[in-house]
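> protein-v7.txt is the file, holding compact mmCIF, C-alpha atoms and all ligand atoms:
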```
# COMPACT_ATOMS: atom_id res chain seq x y z
CA MET A 986 8.29 39.64 82.56
CA LYS A 987 8.39 36.35 80.67
CA ASP A 988 11.67 34.52 80.26
CA LEU A 989 12.73 35.63 76.80
CA ASN A 990 16.23 34.11 76.74
CA LYS A 991 15.33 31.10 74.61
CA TYR A 992 13.70 33.38 72.01
CA ILE A 993 16.53 35.90 72.04
CA ALA A 994 18.95 33.03 71.32
CA ILE A 995 16.86 31.94 68.31
CA ILE A 996 17.02 35.46 66.81
CA GLN A 997 20.76 35.69 67.52
CA SER A 998 21.37 32.45 65.68
CA GLY A 999 19.51 33.72 62.61
CA GLY A 1000 16.08 32.19 63.29
CA VAL A 1001 12.56 33.61 63.38
CA VAL A 1002 10.29 34.07 66.43
CA ALA A 1003 6.69 35.30 66.62
CA PHE A 1004 6.05 37.93 69.31
CA PRO A 1005 3.13 40.09 70.45
CA THR A 1006 2.75 43.78 69.65
CA GLU A 1007 -0.21 46.06 70.33
CA THR A 1008 -1.44 45.67 66.72
CA VAL A 1009 -1.02 41.99 65.72
CA TYR A 1010 1.64 39.29 66.35
CA GLY A 1011 4.83 39.88 64.37
CA LEU A 1012 7.20 37.36 62.81
CA GLY A 1013 10.54 38.71 63.99
CA ALA A 1014 13.99 38.30 62.44
CA ASP A 1015 17.24 40.26 62.79
CA ALA A 1016 16.92 43.29 60.47
CA TRP A 1017 20.63 43.05 59.61
CA ASN A 1018 20.77 39.31 58.79
CA PRO A 1019 19.88 38.51 55.14
CA SER A 1020 19.41 34.77 55.65
CA ALA A 1021 17.14 35.33 58.68
CA ILE A 1022 15.04 37.70 56.57
CA GLN A 1023 14.94 35.12 53.79
CA LYS A 1024 13.39 32.72 56.33
CA VAL A 1025 10.63 35.24 57.08
CA PHE A 1026 9.60 35.23 53.41
CA GLU A 1027 9.78 31.42 53.23
CA VAL A 1028 7.83 30.79 56.44
CA LYS A 1029 5.08 33.23 55.44
CA GLY A 1030 5.04 32.38 51.74
CA ARG A 1031 5.30 36.14 51.26
CA PRO A 1032 6.07 37.64 47.82
CA SER A 1033 9.59 39.09 47.91
CA ASP A 1034 8.48 42.42 46.44
CA ASN A 1035 6.45 43.20 49.58
CA PRO A 1036 8.68 45.16 51.99
CA LEU A 1037 8.95 44.63 55.74
CA ILE A 1038 8.56 47.04 58.63
CA VAL A 1039 11.57 47.42 60.94
CA HIS A 1040 10.61 47.34 64.64
CA ILE A 1041 12.79 49.23 67.10
CA SER A 1042 12.82 49.66 70.88
CA ASN A 1043 14.56 53.02 71.11
CA VAL A 1044 14.09 56.20 69.04
CA ASP A 1045 17.84 56.53 68.41
CA GLN A 1046 17.79 53.33 66.34
CA VAL A 1047 15.97 55.25 63.57
CA HIS A 1048 19.35 56.75 62.68
CA ASP A 1049 20.74 53.30 61.83
CA PHE A 1050 18.19 53.04 59.01
CA SER A 1051 17.71 56.61 57.77
CA SER A 1052 19.90 59.69 57.65
CA GLU A 1053 17.08 61.90 56.33
CA ILE A 1054 14.68 62.34 59.20
CA PRO A 1055 12.34 65.22 58.39
CA GLU A 1056 10.80 67.44 61.04
CA SER A 1057 7.42 65.80 60.34
CA ALA A 1058 8.89 62.43 61.39
CA ARG A 1059 10.31 63.85 64.61
CA VAL A 1060 6.94 65.35 65.49
CA LEU A 1061 5.06 62.11 64.79
CA MET A 1062 7.55 59.97 66.73
CA GLU A 1063 7.19 62.29 69.70
CA ALA A 1064 3.39 62.19 69.52
CA PHE A 1065 2.73 58.52 68.69
CA TRP A 1066 5.72 56.34 69.60
CA PRO A 1067 5.71 53.81 71.00
CA GLY A 1068 2.51 53.11 69.06
CA PRO A 1069 0.78 51.74 65.95
CA LEU A 1070 2.34 54.15 63.43
CA SER A 1071 4.95 53.11 60.82
CA LEU A 1072 7.01 55.87 59.19
CA VAL A 1073 8.33 55.45 55.64
CA LEU A 1074 11.64 57.35 55.35
CA ASN A 1075 14.45 57.49 52.81
CA LYS A 1076 16.80 54.66 53.68
CA LYS A 1077 20.52 54.53 54.31
CA PRO A 1078 22.39 52.62 51.56
CA GLU A 1079 23.36 49.82 53.97
CA VAL A 1080 19.76 48.83 54.76
CA LEU A 1081 19.25 45.38 53.22
CA ASP A 1082 17.32 45.10 49.94
CA ALA A 1083 15.43 42.16 51.40
CA VAL A 1084 13.93 44.52 54.01
CA THR A 1085 12.82 47.21 51.57
CA ALA A 1086 12.11 44.98 48.56
CA GLY A 1087 14.67 47.06 46.68
CA LEU A 1088 12.92 50.40 47.34
CA ASP A 1089 14.95 53.40 48.42
CA THR A 1090 12.69 53.86 51.45
CA VAL A 1091 12.33 51.93 54.70
CA ALA A 1092 9.32 51.62 57.05
CA ILE A 1093 10.05 51.84 60.80
CA ARG A 1094 7.99 51.73 63.98
CA MET A 1095 8.31 51.35 67.75
CA PRO A 1096 5.60 49.00 69.04
CA ASP A 1097 3.69 49.85 72.21
CA HIS A 1098 3.89 46.51 73.99
CA PRO A 1099 6.08 45.72 77.00
CA ILE A 1100 7.11 42.26 75.73
CA ALA A 1101 7.94 43.56 72.23
CA LEU A 1102 10.01 46.43 73.65
CA GLU A 1103 11.89 44.18 76.08
CA PHE A 1104 12.51 41.58 73.36
CA ILE A 1105 13.78 44.09 70.78
CA SER A 1106 15.95 45.86 73.35
CA GLN A 1107 17.77 42.52 73.76
CA THR A 1108 17.92 41.46 70.08
CA GLY A 1109 18.31 44.81 68.29
CA PRO A 1110 15.96 45.93 65.49
CA LEU A 1111 13.74 43.23 64.01
CA VAL A 1112 11.80 43.04 60.77
CA ALA A 1113 8.33 41.86 61.77
CA PRO A 1114 5.55 41.31 59.25
CA SER A 1115 2.36 39.84 60.63
CA ALA A 1116 2.97 36.26 61.81
CA ASN A 1117 0.46 34.56 59.50
CA ARG A 1118 0.78 32.63 56.28
CA SER A 1119 0.37 35.01 53.34
CA GLY A 1120 -3.32 35.43 52.51
CA ARG A 1121 -4.57 34.47 56.00
CA PRO A 1122 -5.89 36.96 58.54
CA SER A 1123 -3.21 38.52 60.74
CA PRO A 1124 -2.81 36.78 64.13
CA THR A 1125 -4.11 38.54 67.22
CA LYS A 1126 -3.47 35.62 69.61
CA ALA A 1127 -0.55 33.21 70.05
CA SER A 1128 -2.92 30.36 69.12
CA HIS A 1129 -3.49 31.96 65.68
CA VAL A 1130 0.25 31.80 64.97
CA LYS A 1131 0.24 28.09 65.85
CA GLU A 1132 -2.76 27.49 63.58
CA ASP A 1133 -0.69 28.80 60.67
CA PHE A 1134 2.83 27.58 61.53
CA GLY A 1135 2.28 24.53 63.75
CA GLU A 1136 2.16 23.71 67.46
CA ASN A 1137 5.96 23.76 67.88
CA PHE A 1138 6.58 27.13 66.24
CA PRO A 1139 8.42 29.54 68.58
CA VAL A 1140 5.92 32.17 69.70
CA ILE A 1141 6.07 34.41 72.75
CA ASP A 1142 2.56 34.37 74.22
CA GLY A 1143 1.38 37.85 75.19
CA ALA A 1144 -2.39 37.18 75.21
CA ALA A 1145 -4.75 38.90 72.76
CA THR A 1146 -3.42 42.06 71.09
CA ARG A 1147 -5.08 45.35 72.05
CA VAL A 1148 -5.67 47.03 68.65
CA GLY A 1149 -6.15 43.97 66.42
CA LEU A 1150 -5.41 45.75 63.08
CA GLU A 1151 -2.03 46.42 61.50
CA SER A 1152 -0.29 49.78 62.02
CA THR A 1153 -1.06 52.99 60.14
CA VAL A 1154 1.68 53.44 57.51
CA ILE A 1155 2.56 57.05 56.59
CA ASP A 1156 5.01 57.96 53.83
CA LEU A 1157 7.24 60.89 54.80
CA SER A 1158 9.85 60.34 52.10
CA SER A 1159 8.62 63.32 50.06
CA ASP A 1160 7.21 66.68 51.22
CA LYS A 1161 3.62 65.42 50.79
CA PRO A 1162 2.78 63.07 53.68
CA ALA A 1163 0.55 60.22 52.53
CA ILE A 1164 -1.18 57.40 54.39
CA LEU A 1165 -0.31 54.15 52.60
CA ARG A 1166 -2.28 51.94 54.96
CA PRO A 1167 -4.96 53.12 57.38
CA GLY A 1168 -4.73 51.95 61.00
CA SER A 1169 -5.96 52.93 64.43
CA ILE A 1170 -4.09 56.25 64.26
CA SER A 1171 -6.41 58.22 61.99
CA LYS A 1172 -5.86 60.81 59.26
CA LYS A 1173 -7.37 63.46 61.55
CA GLU A 1174 -5.02 62.65 64.44
CA LEU A 1175 -2.04 62.83 62.08
CA GLU A 1176 -3.21 66.13 60.57
CA ASP A 1177 -3.84 67.62 64.01
CA VAL A 1178 -0.27 66.87 65.05
CA LEU A 1179 1.39 67.80 61.73
CA GLY A 1180 -0.72 70.88 61.09
CA ILE A 1181 -0.92 70.09 57.36
CA GLU A 1182 -3.14 67.97 55.14
CA VAL A 1183 -2.31 64.28 54.84
CA GLU A 1184 -3.16 62.51 51.58
CA GLU A 1185 -4.83 59.08 51.54
CA ALA A 1186 -3.02 56.86 49.07
CA PHE A 1187 -4.64 53.52 49.78
CA PHE A 1188 -7.86 53.33 47.80
CA HIS A 1189 -6.60 53.66 44.25
CA GLN A 1190 -5.02 50.65 42.60
CA VAL A 1191 -2.12 52.36 40.92
CA GLU A 1192 0.07 50.61 38.39
CA LYS A 1193 3.17 50.92 40.52
CA PRO A 1194 1.67 51.13 44.01
CA ARG A 1195 3.46 53.45 46.42
CA SER A 1196 3.13 50.69 48.98
CA PRO A 1197 3.74 47.24 47.51
CA GLY A 1198 1.37 45.67 50.02
CA GLN A 1199 -1.47 47.53 48.30
CA LYS A 1200 -1.54 45.16 45.37
CA TYR A 1201 -1.99 41.95 47.34
CA SER A 1202 -5.36 40.69 48.47
CA HIS A 1203 -4.99 40.19 52.23
CA TYR A 1204 -7.07 39.29 55.19
CA LYS A 1205 -9.39 36.80 53.54
CA PRO A 1206 -10.98 33.95 55.49
CA LYS A 1207 -12.37 30.93 53.64
CA ALA A 1208 -15.91 31.91 54.65
CA GLU A 1209 -17.64 34.52 52.50
CA VAL A 1210 -17.55 37.98 54.12
CA ARG A 1211 -20.47 40.30 53.32
CA TRP A 1212 -22.44 43.23 54.68
CA LEU A 1213 -25.78 42.70 56.42
CA ARG A 1214 -28.57 43.65 54.01
CA ASN A 1215 -31.30 46.10 54.99
CA ASN A 1216 -33.91 44.40 57.19
CA GLU A 1217 -32.28 41.03 56.64
CA PRO A 1218 -33.23 38.50 59.35
CA THR A 1219 -30.26 37.20 61.35
CA ASN A 1220 -31.44 33.61 61.45
CA ASP A 1221 -29.02 31.81 59.13
CA GLU A 1222 -27.28 29.24 61.32
CA SER A 1223 -24.44 28.83 58.85
CA ALA A 1224 -23.44 32.50 59.31
CA ILE A 1225 -21.62 34.41 62.04
CA TYR A 1226 -23.20 37.85 62.50
CA LEU A 1227 -21.12 40.78 63.76
CA LEU A 1228 -23.70 43.36 64.78
CA LEU A 1229 -23.36 46.93 66.00
CA SER A 1230 -26.78 48.36 66.79
CA LYS A 1231 -29.00 45.32 67.05
CA ALA A 1232 -29.01 43.79 70.51
CA GLU A 1233 -29.20 40.06 69.94
CA ASN A 1234 -26.85 37.50 71.39
CA GLU A 1235 -26.58 33.90 70.23
CA SER A 1236 -23.48 31.79 69.83
CA ASN A 1237 -23.32 32.88 66.16
CA ILE A 1238 -24.57 36.46 66.74
CA ILE A 1239 -22.04 38.77 68.34
CA HIS A 1240 -23.13 42.19 69.44
CA TYR A 1241 -20.57 45.02 69.57
CA ASN A 1242 -22.81 47.68 71.11
CA ASN A 1243 -21.66 50.27 68.51
CA ASN A 1244 -18.07 49.91 69.69
CA LEU A 1245 -15.94 49.76 66.52
CA THR A 1246 -12.71 49.61 68.55
CA HIS A 1247 -13.97 46.36 70.04
CA LEU A 1248 -14.97 45.01 66.62
CA ALA A 1249 -11.49 45.91 65.27
CA ALA A 1250 -9.82 44.06 68.14
CA GLU A 1251 -11.84 40.90 67.39
CA LEU A 1252 -12.29 40.99 63.60
CA TYR A 1253 -9.47 38.63 62.63
CA ASP A 1254 -10.30 36.25 65.49
CA ARG A 1255 -13.89 36.08 64.19
CA PHE A 1256 -12.62 35.38 60.66
CA ARG A 1257 -10.54 32.50 61.99
CA GLN A 1258 -13.38 31.25 64.20
CA ALA A 1259 -15.67 31.15 61.14
CA ASP A 1260 -13.23 28.88 59.32
CA ILE A 1261 -12.47 26.62 62.29
CA GLU A 1262 -16.14 26.15 63.13
CA GLY A 1263 -17.11 25.71 59.47
CA TYR A 1264 -19.41 28.71 59.00
CA ASP A 1265 -20.20 29.62 55.39
CA SER A 1266 -20.26 33.36 55.93
CA VAL A 1267 -19.40 36.29 58.16
CA VAL A 1268 -22.13 38.94 57.95
CA ILE A 1269 -21.21 42.39 59.27
CA GLU A 1270 -23.57 45.27 60.05
CA GLU A 1271 -22.61 48.35 58.04
CA PHE A 1272 -21.17 51.50 59.59
CA ASN A 1273 -19.83 54.85 58.40
CA GLU A 1274 -16.34 56.16 58.11
CA SER A 1275 -17.30 59.03 60.43
CA ASP A 1276 -18.47 56.72 63.23
CA SER A 1277 -15.08 56.30 64.94
CA PRO A 1278 -11.38 57.11 64.40
CA ILE A 1279 -10.77 53.42 63.65
CA ALA A 1280 -13.65 53.14 61.12
CA SER A 1281 -11.47 53.89 58.09
CA ALA A 1282 -8.97 51.13 58.93
CA LEU A 1283 -11.75 48.68 59.74
CA LEU A 1284 -13.57 49.43 56.46
CA ASN A 1285 -10.31 48.96 54.57
CA ARG A 1286 -9.73 45.49 56.07
CA ILE A 1287 -13.36 44.38 55.68
CA ARG A 1288 -13.46 45.55 52.03
CA LYS A 1289 -10.35 43.49 51.30
CA ALA A 1290 -12.12 40.44 52.66
CA LEU A 1291 -15.42 40.92 50.73
CA GLN A 1292 -15.74 38.47 47.87
P1 LIG B 1301 2.98 43.72 57.06
O1 LIG B 1301 4.41 43.44 57.36
O2 LIG B 1301 2.22 42.51 56.60
O3 LIG B 1301 2.31 44.49 58.14
O4 LIG B 1301 3.03 44.68 55.80
C1 LIG B 1301 3.94 45.72 55.76
C2 LIG B 1301 3.42 46.72 54.78
O5 LIG B 1301 4.06 47.98 55.05
C3 LIG B 1301 3.77 46.40 53.34
O6 LIG B 1301 2.86 45.55 52.75
C4 LIG B 1301 3.72 47.79 52.73
O7 LIG B 1301 2.38 48.09 52.42
C5 LIG B 1301 4.19 48.70 53.85
N1 LIG B 1301 5.60 49.08 53.68
C6 LIG B 1301 6.66 48.53 54.28
N2 LIG B 1301 7.80 49.13 53.86
C7 LIG B 1301 7.45 50.05 52.96
C8 LIG B 1301 8.17 50.99 52.16
N3 LIG B 1301 9.48 51.10 52.20
N4 LIG B 1301 7.45 51.78 51.34
C9 LIG B 1301 6.12 51.68 51.28
N5 LIG B 1301 5.38 50.83 52.02
C10 LIG B 1301 6.04 50.02 52.84
MG MG B 1302 0.48 41.07 56.96
```
For this file, write the structure as structure tokens.

Amino acid sequence: MKDLNKYIAIIQSGGVVAFPTETVYGLGADAWNPSAIQKVFEVKGRPSDNPLIVHISNVDQVHDFSSEIPESARVLMEAFWPGPLSLVLNKKPEVLDAVTAGLDTVAIRMPDHPIALEFISQTGPLVAPSANRSGRPSPTKASHVKEDFGENFPVIDGAATRVGLESTVIDLSSDKPAILRPGSISKKELEDVLGIEVEEAFFHQVEKPRSPGQKYSHYKPKAEVRWLRNNEPTNDESAIYLLLSKAENESNIIHYNNNLTHLAAELYDRFRQADIEGYDSVVIEEFNESDSPIASALLNRIRKALQ
């Protein structure tokens, strides 16, 4: 295991540290320290009405944040933790407003990454939004964090993240479970474990969104993102092509061999590559929601990036 002592000391003195999880890199700060959390918002340029997810290393820590843990939450923790699933629960009064953006609920997850678990077991629970500047693609490599926050920013390097998209967020604070953000854990997997229907609450732009993150446009590179048109030739040298079925390979044509899990793992890296290398567009071959359990989350992120 890496030597984490230097990073643990930064958290303990109220600072922020970027660390790897299985989804994307998180920008960690002590979940009980208001000024450390303030720094998270400043560093990211994040609107203060967008709540943070608390990351824990041990299931028992849930009780520090919520005293109303429904049976559905217990079942999902047992099935999917550690893993890319955030649970929204009614919060205890002492949970800081800065964490929940003043809501009476709190989002919690246990990440499935050995470095994250070791780190959090030493620091205690951390808030950890994605470690990117607001409006930039989430980081899936330590180098992405440094692109956004500078070469000297404290980041624990854990290589490329496995999933590459942010966690599934499910609201369990009422008796109707609802997915607020799709992720690699799909609606079907959640329904199979819960044995009841799970609502999808992420497509509609509601006036007061159930998840504040829903109203912000995220995940946008500078390059134009668009779908590949029917029978369109893939010969524009100012475009990066992300293809699924067509078997071409050039430096600007990347072939995913119908593997949407692989595309999800690389999507944000390709967005960043397009900007660094000065491409005008990222052109993605279309796919269907039924093609893979991760298709819904991938469609959600790509649609947010379409201009
Ligand atoms: P990020 O930290 O960038 O992965 O974004 C966290 C997202 O989790 C927010 O933008 C919200 O969509 C969602 N979230 C966090 N806490 C809550 C909460 N208490 N209620 C509803 N959604 C939440
Ligand atoms: Mg984010």
> Using all atoms listed in the file, which protein or nucleic acid residues are at most 10 Å from ligand MG 1302 (chain B), as a ChimeraX atom specification?
/A:1009-1012,1029,1031,1035,1037,1113-1124,1150-1151,1198,1201,1203-1204
> Would you compute the distance between CA of His1129 in chain A and CA of Thr1108 in chain A? Give it in Å to one decimal.
23.8 Å
> Out of A:Ser998, A:Asn1137, A:Ser1152, A:Asn1243, which residue has the shortest atom-to-atom distance to ligand LIG 1301 (chain B) when counting all atoms listed in the file?
A:Ser1152
> Using all atoms listed in the file and a cutoff of 12 Å, can you tell me which residues are near (23.3, 39.4, 53.5) in the file's coordinates, and write them out as number ranges by chain?
A: 999, 1015-1023, 1079-1084
> Write out the residues from the selection above, keeping C-alpha atoms, as a PDB file, in the frame of the given file.

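What ended up in selection.pdb:
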```
ATOM      1  CA  GLY A 999      19.510  33.720  62.610  1.00  0.00           C
ATOM      2  CA  ASP A1015      17.240  40.260  62.790  1.00  0.00           C
ATOM      3  CA  ALA A1016      16.920  43.290  60.470  1.00  0.00           C
ATOM      4  CA  TRP A1017      20.630  43.050  59.610  1.00  0.00           C
ATOM      5  CA  ASN A1018      20.770  39.310  58.790  1.00  0.00           C
ATOM      6  CA  PRO A1019      19.880  38.510  55.140  1.00  0.00           C
ATOM      7  CA  SER A1020      19.410  34.770  55.650  1.00  0.00           C
ATOM      8  CA  ALA A1021      17.140  35.330  58.680  1.00  0.00           C
ATOM      9  CA  ILE A1022      15.040  37.700  56.570  1.00  0.00           C
ATOM     10  CA  GLN A1023      14.940  35.120  53.790  1.00  0.00           C
ATOM     11  CA  GLU A1079      23.360  49.820  53.970  1.00  0.00           C
ATOM     12  CA  VAL A1080      19.760  48.830  54.760  1.00  0.00           C
ATOM     13  CA  LEU A1081      19.250  45.380  53.220  1.00  0.00           C
ATOM     14  CA  ASP A1082      17.320  45.100  49.940  1.00  0.00           C
ATOM     15  CA  ALA A1083      15.430  42.160  51.400  1.00  0.00           C
ATOM     16  CA  VAL A1084      13.930  44.520  54.010  1.00  0.00           C
TER      17      VAL A1084
END
```
> Using only C-alpha atoms, can you tell me which of A:Pro1218, A:Thr1125, A:Ile1041, A:Pro1055 comes closest to Asp1156 in chain A?
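Among the listed residues, the smallest separation from Asp1156 in chain A belongs to A:Pro1055.
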> Tell me which of A:Glu1063, A:Glu1185, A:Asp1034, A:Glu1056 sits closest to ligand LIG 1301 (chain B), counting all atoms listed in the file.
A:Asp1034
